[in-house]
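Have a look at data_5.txt; it's compact mmCIF, C-alpha atoms:
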# COMPACT_ATOMS: atom_id res chain seq x y z
CA MET A 1 32.34 100.16 114.64
CA ASN A 2 36.11 100.69 114.75
CA ILE A 3 37.60 103.47 116.83
CA LYS A 4 41.00 104.56 118.06
CA VAL A 5 41.36 105.28 121.79
CA LEU A 6 44.14 107.35 123.36
CA TYR A 7 45.03 107.65 127.05
CA PHE A 8 47.02 110.44 128.68
CA ALA A 9 48.89 111.31 131.88
CA ARG A 10 47.88 109.39 135.02
CA ILE A 11 45.36 107.29 133.07
CA LYS A 12 47.96 106.24 130.49
CA GLU A 13 50.28 105.11 133.30
CA SER A 14 47.49 103.21 135.09
CA VAL A 15 46.26 101.22 132.09
CA ASN A 16 49.73 100.88 130.58
CA TYR A 17 48.48 101.82 127.13
CA SER A 18 48.90 105.07 125.22
CA THR A 19 46.76 104.06 122.26
CA GLU A 20 44.72 101.11 121.00
CA ASP A 21 42.26 100.25 118.25
CA ILE A 22 38.95 98.88 119.51
CA VAL A 23 36.12 97.18 117.64
CA LEU A 24 33.03 98.22 119.56
CA PRO A 25 30.00 96.00 120.13
CA ALA A 26 26.70 97.46 118.94
CA GLU A 27 25.56 98.54 122.40
CA VAL A 28 28.51 100.91 122.82
CA SER A 29 27.61 104.17 121.08
CA THR A 30 28.44 107.02 123.48
CA ILE A 31 31.29 108.08 125.78
CA LYS A 32 29.20 106.91 128.73
CA THR A 33 28.68 103.41 127.35
CA LEU A 34 32.32 103.21 126.23
CA LYS A 35 33.43 104.01 129.81
CA SER A 36 31.16 101.24 131.14
CA TYR A 37 32.56 98.86 128.53
CA LEU A 38 36.17 99.65 129.50
CA ALA A 39 35.35 99.38 133.21
CA LYS A 40 34.68 95.65 132.69
CA ARG A 41 38.28 94.94 131.70
CA GLY A 42 39.54 94.51 135.26
CA GLU A 43 40.26 96.21 138.54
CA VAL A 44 42.44 99.03 137.23
CA TRP A 45 39.93 99.82 134.48
CA ALA A 46 36.96 99.62 136.82
CA ASP A 47 38.67 102.02 139.20
CA LEU A 48 39.12 104.58 136.41
CA PHE A 49 35.98 104.21 134.36
CA SER A 50 33.14 103.30 136.72
CA GLY A 51 32.55 106.91 137.75
CA LYS A 52 34.62 107.17 140.94
CA GLN A 53 37.20 109.38 139.25
CA VAL A 54 36.82 112.40 137.02
CA VAL A 55 37.85 111.28 133.54
CA ARG A 56 37.52 113.82 130.73
CA ALA A 57 36.91 112.75 127.14
CA ALA A 58 37.57 114.16 123.70
CA ILE A 59 36.33 113.01 120.32
CA ASN A 60 38.41 114.02 117.31
CA HIS A 61 40.23 116.67 119.41
CA ASP A 62 37.08 118.30 120.86
CA LEU A 63 36.23 118.09 124.57
CA VAL A 64 32.89 116.29 124.92
CA ASP A 65 30.55 115.20 127.71
CA ASP A 66 29.51 111.63 128.54
CA MET A 67 26.38 111.68 126.40
CA MET A 68 28.25 112.42 123.15
CA ALA A 69 27.77 109.84 120.40
CA ILE A 70 30.76 107.97 118.99
CA ASN A 71 31.00 107.29 115.26
CA ASP A 72 32.99 104.82 113.19
CA GLY A 73 36.57 105.98 112.67
CA ASP A 74 36.53 108.43 115.60
CA GLU A 75 39.60 109.18 117.69
CA VAL A 76 38.49 109.08 121.33
CA ALA A 77 40.77 110.27 124.13
CA PHE A 78 40.52 109.83 127.90
CA PHE A 79 42.47 111.97 130.34
CA PRO A 80 42.41 113.50 133.84
CA PRO A 81 41.36 117.14 134.37
CA VAL A 82 44.00 119.31 132.67
CA THR A 83 46.76 121.11 134.59
CA GLY A 84 48.62 123.27 132.07
CA GLY A 85 49.56 126.92 132.24
CA MET B 1 46.66 134.88 116.25
CA THR B 2 49.77 132.82 116.88
CA VAL B 3 49.79 129.51 118.76
CA ARG B 4 52.93 127.47 119.42
CA VAL B 5 53.58 124.36 121.51
CA GLN B 6 57.30 123.67 121.86
CA THR B 7 60.00 122.10 124.00
CA GLU B 8 62.51 124.91 123.48
CA ASP B 9 62.53 128.17 125.44
CA PHE B 10 61.36 131.44 123.91
CA ASP B 11 62.77 134.97 123.85
CA LEU B 12 60.34 137.16 125.73
CA ALA B 13 61.63 140.44 124.32
CA ALA B 14 61.57 139.17 120.74
CA GLU B 15 58.02 137.81 121.08
CA LEU B 16 56.74 141.08 122.56
CA ALA B 17 58.51 143.15 119.91
CA ALA B 18 57.05 141.06 117.08
CA LEU B 19 53.55 141.48 118.47
CA ARG B 20 53.95 145.17 119.33
CA LEU B 21 55.47 146.24 116.02
CA ALA B 22 53.12 144.31 113.70
CA THR B 23 50.76 147.22 112.95
CA ALA B 24 50.58 150.90 113.95
CA ASP B 25 46.98 150.71 115.18
CA ILE B 26 48.24 148.83 118.28
CA GLY B 27 48.22 151.09 121.32
CA ALA B 28 48.46 148.51 124.12
CA VAL B 29 50.10 145.13 124.74
CA VAL B 30 49.33 143.05 127.84
CA SER B 31 51.30 139.88 128.54
CA PHE B 32 51.47 137.05 131.05
CA ILE B 33 54.34 134.67 131.84
CA GLY B 34 53.91 131.47 133.83
CA GLN B 35 57.10 129.97 135.25
CA VAL B 36 58.10 126.90 137.26
CA ARG B 37 58.15 127.34 141.06
CA ASP B 38 60.58 125.49 143.33
CA MET B 39 57.80 124.59 145.80
CA ASN B 40 54.29 123.15 145.49
CA ASP B 41 51.96 121.98 148.27
CA GLY B 42 54.81 122.33 150.76
CA ASP B 43 57.30 120.16 148.88
CA ALA B 44 60.42 121.09 146.96
CA VAL B 45 60.05 120.67 143.19
CA ASN B 46 63.17 119.62 141.31
CA THR B 47 61.66 119.38 137.84
CA LEU B 48 58.27 119.70 136.18
CA THR B 49 57.39 117.58 133.14
CA LEU B 50 54.55 118.62 130.86
CA GLU B 51 52.70 116.11 128.73
CA HIS B 52 50.14 117.15 126.09
CA TYR B 53 47.84 115.81 123.40
CA PRO B 54 49.46 116.81 120.09
CA GLY B 55 46.86 118.04 117.63
CA MET B 56 44.16 118.69 120.19
CA THR B 57 46.40 121.11 122.11
CA GLU B 58 46.97 123.42 119.15
CA ARG B 59 43.30 123.22 118.17
CA SER B 60 42.18 124.04 121.72
CA LEU B 61 44.54 127.02 122.06
CA ALA B 62 43.50 128.39 118.64
CA ALA B 63 39.83 128.11 119.64
CA ILE B 64 40.50 130.01 122.89
CA ALA B 65 42.35 132.78 121.01
CA GLN B 66 39.47 132.96 118.52
CA GLU B 67 36.92 133.22 121.33
CA ALA B 68 38.91 136.08 122.91
CA LYS B 69 38.89 137.92 119.58
CA ALA B 70 35.14 137.40 119.25
CA ARG B 71 34.48 138.81 122.75
CA TRP B 72 36.84 141.81 122.79
CA ASP B 73 38.10 144.30 120.27
CA ILE B 74 41.67 143.02 120.11
CA ILE B 75 44.08 143.18 117.19
CA SER B 76 46.22 140.09 117.71
CA SER B 77 47.42 137.56 120.27
CA VAL B 78 50.24 135.10 120.91
CA ILE B 79 50.10 131.91 122.96
CA ILE B 80 53.28 129.89 123.52
CA HIS B 81 53.24 126.83 125.79
CA ARG B 82 56.23 124.64 126.50
CA VAL B 83 56.19 120.86 126.98
CA GLY B 84 58.81 118.39 128.20
CA THR B 85 60.92 118.64 131.34
CA LEU B 86 61.47 122.06 132.92
CA LYS B 87 63.19 123.29 136.09
CA PRO B 88 62.39 126.07 138.57
CA LEU B 89 62.42 129.55 136.99
CA ASP B 90 61.97 128.13 133.48
CA GLN B 91 59.24 129.82 131.44
CA ILE B 92 56.21 127.57 130.89
CA VAL B 93 53.63 129.72 129.17
CA PHE B 94 53.43 133.09 127.44
CA VAL B 95 50.22 134.87 126.51
CA ALA B 96 50.21 138.35 125.00
CA VAL B 97 47.39 140.40 123.53
CA ALA B 98 47.59 143.57 121.44
CA SER B 99 44.74 146.04 121.09
CA ALA B 100 44.13 149.74 120.47
CA HIS B 101 43.42 150.43 124.16
CA ARG B 102 44.50 148.68 127.36
CA GLY B 103 41.12 147.59 128.76
CA GLU B 104 40.36 145.06 126.04
CA ALA B 105 43.91 143.63 126.13
CA PHE B 106 43.87 143.18 129.93
CA LYS B 107 40.54 141.33 129.84
CA ALA B 108 41.39 139.17 126.83
CA CYS B 109 44.77 138.13 128.29
CA GLU B 110 43.22 137.01 131.57
CA PHE B 111 40.40 135.23 129.73
CA ILE B 112 42.89 133.30 127.57
CA MET B 113 44.87 132.14 130.62
CA ASP B 114 41.74 131.12 132.55
CA TYR B 115 40.46 129.07 129.62
CA LEU B 116 43.87 127.57 128.85
CA LYS B 117 44.08 126.34 132.48
CA ASN B 118 40.77 124.49 132.16
CA GLN B 119 40.54 123.44 128.51
CA ALA B 120 43.94 122.92 126.91
CA PRO B 121 45.13 119.29 127.22
CA PHE B 122 48.34 119.67 129.22
CA TRP B 123 49.26 117.66 132.32
CA LYS B 124 52.03 118.44 134.81
CA LYS B 125 54.08 115.89 136.68
CA GLU B 126 56.37 117.06 139.47
CA SER B 127 59.59 115.47 140.57
CA THR B 128 60.09 116.03 144.31
CA PRO B 129 62.61 114.58 146.81
CA ASP B 130 59.93 111.94 147.63
CA GLY B 131 59.43 110.88 144.02
CA GLU B 132 57.18 111.81 141.10
CA ARG B 133 53.54 112.88 141.32
CA TRP B 134 50.90 114.22 138.95
CA VAL B 135 49.64 117.72 139.73
CA GLU B 136 45.94 117.78 140.67
CA ALA B 137 43.55 120.18 138.95
CA LYS B 138 42.40 123.02 141.24
CA SER B 139 38.79 124.02 141.79
CA SER B 140 39.96 127.66 141.94
CA ASP B 141 41.01 127.36 138.28
CA GLU B 142 37.56 126.11 137.35
CA ALA B 143 35.98 129.00 139.25
CA ALA B 144 38.25 131.42 137.36
CA GLN B 145 36.87 130.13 134.07
CA THR B 146 33.26 130.12 135.23
CA ARG B 147 33.23 133.88 135.87
CA TRP B 148 33.66 134.49 132.11
CA LYS B 149 30.55 132.47 131.22
CA GLN B 150 28.07 134.49 129.20
CA SER B 151 24.45 134.23 130.22
Representation of the structure as C-alpha cells:
Amino acid sequence: MNIKVLYFARIKESVNYSTEDIVLPAEVSTIKTLKSYLAKRGEVWADLFSGKQVVRAAINHDLVDDMMAINDGDEVAFFPPVTGG
Amino acid sequence: MTVRVQTEDFDLAAELAALRLATADIGAVVSFIGQVRDMNDGDAVNTLTLEHYPGMTERSLAAIAQEAKARWDIISSVIIHRVGTLKPLDQIVFVAVASAHRGEAFKACEFIMDYLKNQAPFWKKESTPDGERWVEAKSSDEAAQTRWKQS
C-alpha cells in the first residue's frame, strides 16, 4: 500500500520532513499501527509517535482517531493540537 | 457561506457591509475579530506566524459553517482567517453571522469560533525576545467546544 504522509508545525520541524511517500508493510493498516511503525525510525520519531505526545491525525483532510483504517493512495497528515483563531 | 484563508489583511467594514446588505430578510449581524496581542504567557510577542494545512483548512472551516447553519436558523456566514507572519494589533480572524433575529446569530458566531479553535488546522508560532516558540493548545478551548456537544 502506497500513501503520502504530511507533517505540520512542531512535528514537521522535529522530523525535518514536510511530506514523504511511504510504501507500507502489510501489518500497517490504521493510524495507530502507522504511528508505531514511524516510532521505530529513531529517537526523534519514537519521542513523537510512541504515545508520549498528543499527535493528531487526518486522512484525506478529515480529522480521524487512531483506530481509523488507512487505504491505498490516502493522504495522511500528522500534527500537534491546533492553535488557530 | 463564505470561507477564505489568506495572507493579506481584510477590510472589516466592507466585509460586514457585504454580509449585511446581501438580502432584506437579515435583521441581525453578529461578528467576532481576533487580533494579535503583544504579550502571551508573560512574554513580549514581536510577531506571530500562522501555519496551516492548505486544502484541509478550507474544508474544515466550510464544515463548521455548515454545522452552524444546520443547528441554528441563520441566513449566511463569513469566516476569514489569515496565515503568514503578523504583528501585534493585526487582525487574525473574522467570523460574522447574519440571521433574522439576534439570538441565533450570537449563538452561531460563538459556536463557529469555538469549533475553529479546536478543529481547523492552524498552528501559531510566536517570536519573543528569547526566540521562537510554538503556541500550546489550551484545555479551556477544548472545554469551550465540549459545551456545544449534542447529547
- [ ] Counting all atoms listed in the file, collect the residues of chain A whose closest atom lies at most 6 Å from chain B, and write them out as an MDAnalysis selection string.
- [x] chainID A and resid 61 81:85
Open item on the list: Calculated over only C-alpha atoms, which of the candidates A:Val44, A:Leu38, A:Val54, A:Ile70 has the smallest distance to Ala26 of chain A?
Closed with: A:Ile70
Open item on the list: Between atom CA of Arg71 of chain B and atom CA of Ser140 of chain B, what distance in Å does the model show, to one decimal?
Closed with: 22.9 Å
Open item on the list: As an exercise, work out the distance from atom CA of Ser76 of chain B to atom CA of Ile26 of chain B in Å and give it to one decimal place.
Closed with: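 Going from atom CA of Ser76 of chain B over to atom CA of Ile26 of chain B covers 9.0 Å.
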Task: Atomic separation - atom CA of Gly42 of chain B relative to atom CA of Phe79 of chain A, Å - done: 26.0 Å
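Closest approach to Ala57 of chain A among A:Tyr17, A:Trp45, A:Tyr37, A:Tyr7: A:Tyr7, based on all atoms listed in the file.
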Task: 6 Å contact set for Ser77 of chain B, all atoms listed in the file, chain neighbours under 2 positions out, as a list of chain:residue names - done: B:Met1, B:Ala96, B:Val97
TODO: Identify which of the residues A:Met1, A:Glu75, A:Asn60, A:Pro80 lies closest to Glu20 of chain A, counting all atoms listed in the file when measuring atom-to-atom distances.
DONE: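 Among A:Met1, A:Glu75, A:Asn60, A:Pro80, it is A:Glu75 that comes nearest to Glu20 of chain A.
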Open item on the list: Could you list, as an MDAnalysis selection string, every residue within 8 Å of Ile31 of chain A, counting all atoms listed in the file and ignoring same-chain residues fewer than 5 positions away?
Closed with: chainID A and resid 57 65:70
What lies within 12 Å of Leu19 of chain B using only C-alpha atoms, ignoring chain neighbours under 4 positions off, as a PDB file with C-alpha atoms, in the coordinates of the input?
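To be explicit, this is the file written out as out31.pdb:
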ATOM      1  CA  MET B   1      46.660 134.880 116.250  1.00  0.00           C
ATOM      2  CA  THR B   2      49.770 132.820 116.880  1.00  0.00           C
ATOM      3  CA  LEU B  12      60.340 137.160 125.730  1.00  0.00           C
ATOM      4  CA  ALA B  13      61.630 140.440 124.320  1.00  0.00           C
ATOM      5  CA  ALA B  14      61.570 139.170 120.740  1.00  0.00           C
ATOM      6  CA  GLU B  15      58.020 137.810 121.080  1.00  0.00           C
ATOM      7  CA  THR B  23      50.760 147.220 112.950  1.00  0.00           C
ATOM      8  CA  ALA B  24      50.580 150.900 113.950  1.00  0.00           C
ATOM      9  CA  ASP B  25      46.980 150.710 115.180  1.00  0.00           C
ATOM     10  CA  ILE B  26      48.240 148.830 118.280  1.00  0.00           C
ATOM     11  CA  GLY B  27      48.220 151.090 121.320  1.00  0.00           C
ATOM     12  CA  ALA B  28      48.460 148.510 124.120  1.00  0.00           C
ATOM     13  CA  VAL B  29      50.100 145.130 124.740  1.00  0.00           C
ATOM     14  CA  VAL B  30      49.330 143.050 127.840  1.00  0.00           C
ATOM     15  CA  SER B  31      51.300 139.880 128.540  1.00  0.00           C
ATOM     16  CA  ILE B  75      44.080 143.180 117.190  1.00  0.00           C
ATOM     17  CA  SER B  76      46.220 140.090 117.710  1.00  0.00           C
ATOM     18  CA  SER B  77      47.420 137.560 120.270  1.00  0.00           C
ATOM     19  CA  VAL B  78      50.240 135.100 120.910  1.00  0.00           C
ATOM     20  CA  ILE B  79      50.100 131.910 122.960  1.00  0.00           C
ATOM     21  CA  VAL B  95      50.220 134.870 126.510  1.00  0.00           C
ATOM     22  CA  ALA B  96      50.210 138.350 125.000  1.00  0.00           C
ATOM     23  CA  VAL B  97      47.390 140.400 123.530  1.00  0.00           C
ATOM     24  CA  ALA B  98      47.590 143.570 121.440  1.00  0.00           C
ATOM     25  CA  SER B  99      44.740 146.040 121.090  1.00  0.00           C
TER      26      SER B  99
END
Open item on the list: Just checking: using all atoms listed in the file, which residue out of B:Asp90, B:Ala105, B:Ala68, B:Thr47 ends up closest to Phe10 of chain B?
Closed with: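 Nearest candidate to Phe10 of chain B out of B:Asp90, B:Ala105, B:Ala68, B:Thr47: B:Asp90.
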TODO: Kindly indicate which residue among B:Ala70, B:Arg20, B:Asp9, B:Ala144 lies nearest to Ala100 of chain B, using only C-alpha atoms for the distances.
DONE: B:Arg20
For segment 24-42 of chain A, supply N, CA and C atoms and format the output as a PDB file, in the coordinates of the input.
ATOM      1  N   LEU A  24      34.078  98.092 118.556  1.00  0.00           N
ATOM      2  CA  LEU A  24      33.030  98.220 119.560  1.00  0.00           C
ATOM      3  C   LEU A  24      31.826  97.344 119.270  1.00  0.00           C
ATOM      4  N   PRO A  25      31.272  96.709 120.316  1.00  0.00           N
ATOM      5  CA  PRO A  25      30.000  96.000 120.130  1.00  0.00           C
ATOM      6  C   PRO A  25      28.880  97.020 119.899  1.00  0.00           C
ATOM      7  N   ALA A  26      27.783  96.566 119.355  1.00  0.00           N
ATOM      8  CA  ALA A  26      26.700  97.460 118.940  1.00  0.00           C
ATOM      9  C   ALA A  26      26.150  98.330 120.073  1.00  0.00           C
ATOM     10  N   GLU A  27      26.172  97.773 121.305  1.00  0.00           N
ATOM     11  CA  GLU A  27      25.560  98.540 122.400  1.00  0.00           C
ATOM     12  C   GLU A  27      26.420  99.705 122.893  1.00  0.00           C
ATOM     13  N   VAL A  28      27.649  99.792 122.408  1.00  0.00           N
ATOM     14  CA  VAL A  28      28.510 100.910 122.820  1.00  0.00           C
ATOM     15  C   VAL A  28      28.455 102.007 121.756  1.00  0.00           C
ATOM     16  N   SER A  29      27.809 103.125 122.094  1.00  0.00           N
ATOM     17  CA  SER A  29      27.610 104.170 121.080  1.00  0.00           C
ATOM     18  C   SER A  29      27.849 105.576 121.608  1.00  0.00           C
ATOM     19  N   THR A  30      28.169 105.693 122.899  1.00  0.00           N
ATOM     20  CA  THR A  30      28.440 107.020 123.480  1.00  0.00           C
ATOM     21  C   THR A  30      29.672 106.915 124.385  1.00  0.00           C
ATOM     22  N   ILE A  31      30.162 108.070 124.830  1.00  0.00           N
ATOM     23  CA  ILE A  31      31.290 108.080 125.780  1.00  0.00           C
ATOM     24  C   ILE A  31      30.893 107.317 127.048  1.00  0.00           C
ATOM     25  N   LYS A  32      29.665 107.554 127.504  1.00  0.00           N
ATOM     26  CA  LYS A  32      29.200 106.910 128.730  1.00  0.00           C
ATOM     27  C   LYS A  32      29.213 105.372 128.615  1.00  0.00           C
ATOM     28  N   THR A  33      28.708 104.868 127.501  1.00  0.00           N
ATOM     29  CA  THR A  33      28.680 103.410 127.350  1.00  0.00           C
ATOM     30  C   THR A  33      30.083 102.847 127.066  1.00  0.00           C
ATOM     31  N   LEU A  34      30.935 103.667 126.442  1.00  0.00           N
ATOM     32  CA  LEU A  34      32.320 103.210 126.230  1.00  0.00           C
ATOM     33  C   LEU A  34      33.051 103.107 127.578  1.00  0.00           C
ATOM     34  N   LYS A  35      32.808 104.072 128.470  1.00  0.00           N
ATOM     35  CA  LYS A  35      33.430 104.010 129.810  1.00  0.00           C
ATOM     36  C   LYS A  35      32.971 102.749 130.547  1.00  0.00           C
ATOM     37  N   SER A  36      31.684 102.436 130.477  1.00  0.00           N
ATOM     38  CA  SER A  36      31.160 101.240 131.140  1.00  0.00           C
ATOM     39  C   SER A  36      31.796  99.983 130.551  1.00  0.00           C
ATOM     40  N   TYR A  37      31.953  99.983 129.243  1.00  0.00           N
ATOM     41  CA  TYR A  37      32.560  98.860 128.530  1.00  0.00           C
ATOM     42  C   TYR A  37      34.010  98.648 128.981  1.00  0.00           C
ATOM     43  N   LEU A  38      34.770  99.742 129.069  1.00  0.00           N
ATOM     44  CA  LEU A  38      36.170  99.650 129.500  1.00  0.00           C
ATOM     45  C   LEU A  38      36.285  99.242 130.967  1.00  0.00           C
ATOM     46  N   ALA A  39      35.319  99.674 131.772  1.00  0.00           N
ATOM     47  CA  ALA A  39      35.350  99.380 133.210  1.00  0.00           C
ATOM     48  C   ALA A  39      35.292  97.878 133.486  1.00  0.00           C
ATOM     49  N   LYS A  40      34.808  97.101 132.498  1.00  0.00           N
ATOM     50  CA  LYS A  40      34.680  95.650 132.690  1.00  0.00           C
ATOM     51  C   LYS A  40      35.987  94.896 132.445  1.00  0.00           C
ATOM     52  N   ARG A  41      37.032  95.618 132.049  1.00  0.00           N
ATOM     53  CA  ARG A  41      38.280  94.940 131.700  1.00  0.00           C
ATOM     54  C   ARG A  41      39.080  94.440 132.903  1.00  0.00           C
ATOM     55  N   GLY A  42      38.768  94.942 134.088  1.00  0.00           N
ATOM     56  CA  GLY A  42      39.540  94.510 135.260  1.00  0.00           C
ATOM     57  C   GLY A  42      39.571  95.607 136.299  1.00  0.00           C
TER      58      GLY A  42
END
